[in-house]
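Report on one structure; see the data block that follows.
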Amino acid sequence: MLTNPQLVKAIEEEFIPMLVYNNRSGGMDRELLERYGEPTWNFQVIRFLDAEGEDIIPRKDRVWTTSGVARRMVKTLRVVKRPVPDYLENLAGNE
């Protein structure tokens, strides 16, 4: 899914991306896993957080398609009352 240039564009322009490794034994990655109650060695999860680190929309795992991620991005932008780019709406409706 991250090979889709439009999805990558939306991630970079509409959100602040952050990666947390779930297979490290310490450090900030481990602290964040504990803070959010995420298990180690689990499937990847994309969370949408506000400035206080709270979920904007509920956590959901196993979202592995471009359209699935795009739909969650659209939902998040709508919840925070930000405009949704047309190309992102189109991605959300495809697949």
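Letters for chains follow the order of the structure tokens (A, B, ...), residue numbers begin at 1 for each chain, and ligand numbers begin at 1 in the order shown.
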- Query: Quick one: residues within 8 Å of Val74 (chain A), only C-alpha atoms counted, chain neighbours fewer than 5 positions away excluded, as number ranges by chain?
  - Reply: A: 84, 88-89, 92
Output for the residues just chosen: N, CA and C atoms as a PDB file, in the first residue's frame:
```
ATOM      1  N   VAL A  84     -10.765  17.315   2.908  1.00  0.00           N
ATOM      2  CA  VAL A  84     -10.284  16.041   2.391  1.00  0.00           C
ATOM      3  C   VAL A  84      -9.945  16.232   0.914  1.00  0.00           C
ATOM      4  N   LEU A  88      -7.622  11.763  -2.362  1.00  0.00           N
ATOM      5  CA  LEU A  88      -7.722  10.840  -1.225  1.00  0.00           C
ATOM      6  C   LEU A  88      -9.121  10.216  -1.175  1.00  0.00           C
ATOM      7  N   GLU A  89     -10.138  11.022  -1.454  1.00  0.00           N
ATOM      8  CA  GLU A  89     -11.503  10.487  -1.539  1.00  0.00           C
ATOM      9  C   GLU A  89     -11.567   9.405  -2.609  1.00  0.00           C
ATOM     10  N   ALA A  92     -10.000   6.209  -1.439  1.00  0.00           N
ATOM     11  CA  ALA A  92     -10.844   5.548  -0.438  1.00  0.00           C
ATOM     12  C   ALA A  92     -11.955   4.737  -1.095  1.00  0.00           C
TER      13      ALA A  92
END
```
- Message: Applying 12 Å and only C-alpha atoms, which residues near region 67-69 of chain A remain after dropping the ones on its own chain fewer than 6 positions away? List them as number ranges by chain.
- Response: A: 1-2, 4, 6-8, 10-11, 45-48, 60-61, 75-76, 87-95
Hey, can you spit out that residue selection with C-alpha atoms as a short mmCIF file (atom, residue, chain, number, x, y, z; two decimals), in the first residue's frame?
```cif
data_model
loop_
_atom_site.label_atom_id
_atom_site.label_comp_id
_atom_site.auth_asym_id
_atom_site.auth_seq_id
_atom_site.Cartn_x
_atom_site.Cartn_y
_atom_site.Cartn_z
CA MET A 1 0.00 0.00 0.00
CA LEU A 2 2.84 2.43 0.70
CA ASN A 4 0.94 4.11 -3.99
CA GLN A 6 -1.04 9.31 -3.88
CA LEU A 7 -1.37 7.59 -0.52
CA VAL A 8 2.18 8.54 0.37
CA ALA A 10 -1.61 12.25 1.61
CA ILE A 11 0.35 10.79 4.51
CA VAL A 45 -1.33 -0.84 13.16
CA ILE A 46 -1.94 2.68 11.87
CA ARG A 47 -3.25 4.98 14.58
CA PHE A 48 -4.43 8.54 14.14
CA LYS A 60 -8.11 -0.84 14.11
CA ASP A 61 -5.61 -3.48 13.07
CA LYS A 75 -12.60 9.64 8.38
CA THR A 76 -9.87 11.17 10.55
CA TYR A 87 -7.50 12.32 -4.73
CA LEU A 88 -7.72 10.84 -1.22
CA GLU A 89 -11.50 10.49 -1.54
CA ASN A 90 -10.91 8.67 -4.83
CA LEU A 91 -8.40 6.31 -3.23
CA ALA A 92 -10.84 5.55 -0.44
CA GLY A 93 -13.43 4.43 -2.97
CA ASN A 94 -11.12 2.21 -5.02
CA GLU A 95 -10.04 -1.44 -4.64
#
```
- Query: What's the 12 Å shell around Glu38 (chain A), counting only C-alpha atoms, without same-chain residues fewer than 4 positions away, as a list of chain:residue names?
  - Reply: A:Val20, A:Tyr21, A:Asn22, A:Asn23, A:Asp29, A:Arg30, A:Glu31, A:Leu32, A:Leu33, A:Glu34, A:Asn42, A:Phe43, A:Gln44, A:Val45, A:Ile46, A:Arg47, A:Arg59, A:Lys60, A:Asp61
- Item | Length of the CA of Arg72 (chain A) to CA of Ile56 (chain A) vector [Å] |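 Here the two named atoms are 10.4 Å from each other.
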- Task: Just the alpha helix (DSSP H) stuff from chain A, please, per backbone DSSP, written as a ChimeraX atom specification.
- Result: /A:5-14,27-36,66-79,86-93
- Task: Return the single residue from A:Ser25, A:Met18, A:Leu77, A:Tyr36 that is closest to Asp55 (chain A), with distances computed using only C-alpha atoms.
- Result: A:Tyr36
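For chain A, a DSSP pass over the backbone yields strand (DSSP E or B) at Val45, Leu49, Asp55 and Asp61 of chain A.
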- Item | Distance in Å - CA of Leu19 (chain A) versus CA of Val80 (chain A) |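 Value for the CA of Leu19 (chain A)-CA of Val80 (chain A) distance: 21.8 Å.
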- Message: Between CA of Glu54 (chain A) and CA of Lys81 (chain A), what distance in Å does the model show, to one decimal?
- Response: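 CA of Glu54 (chain A) sits 16.4 Å away from CA of Lys81 (chain A).
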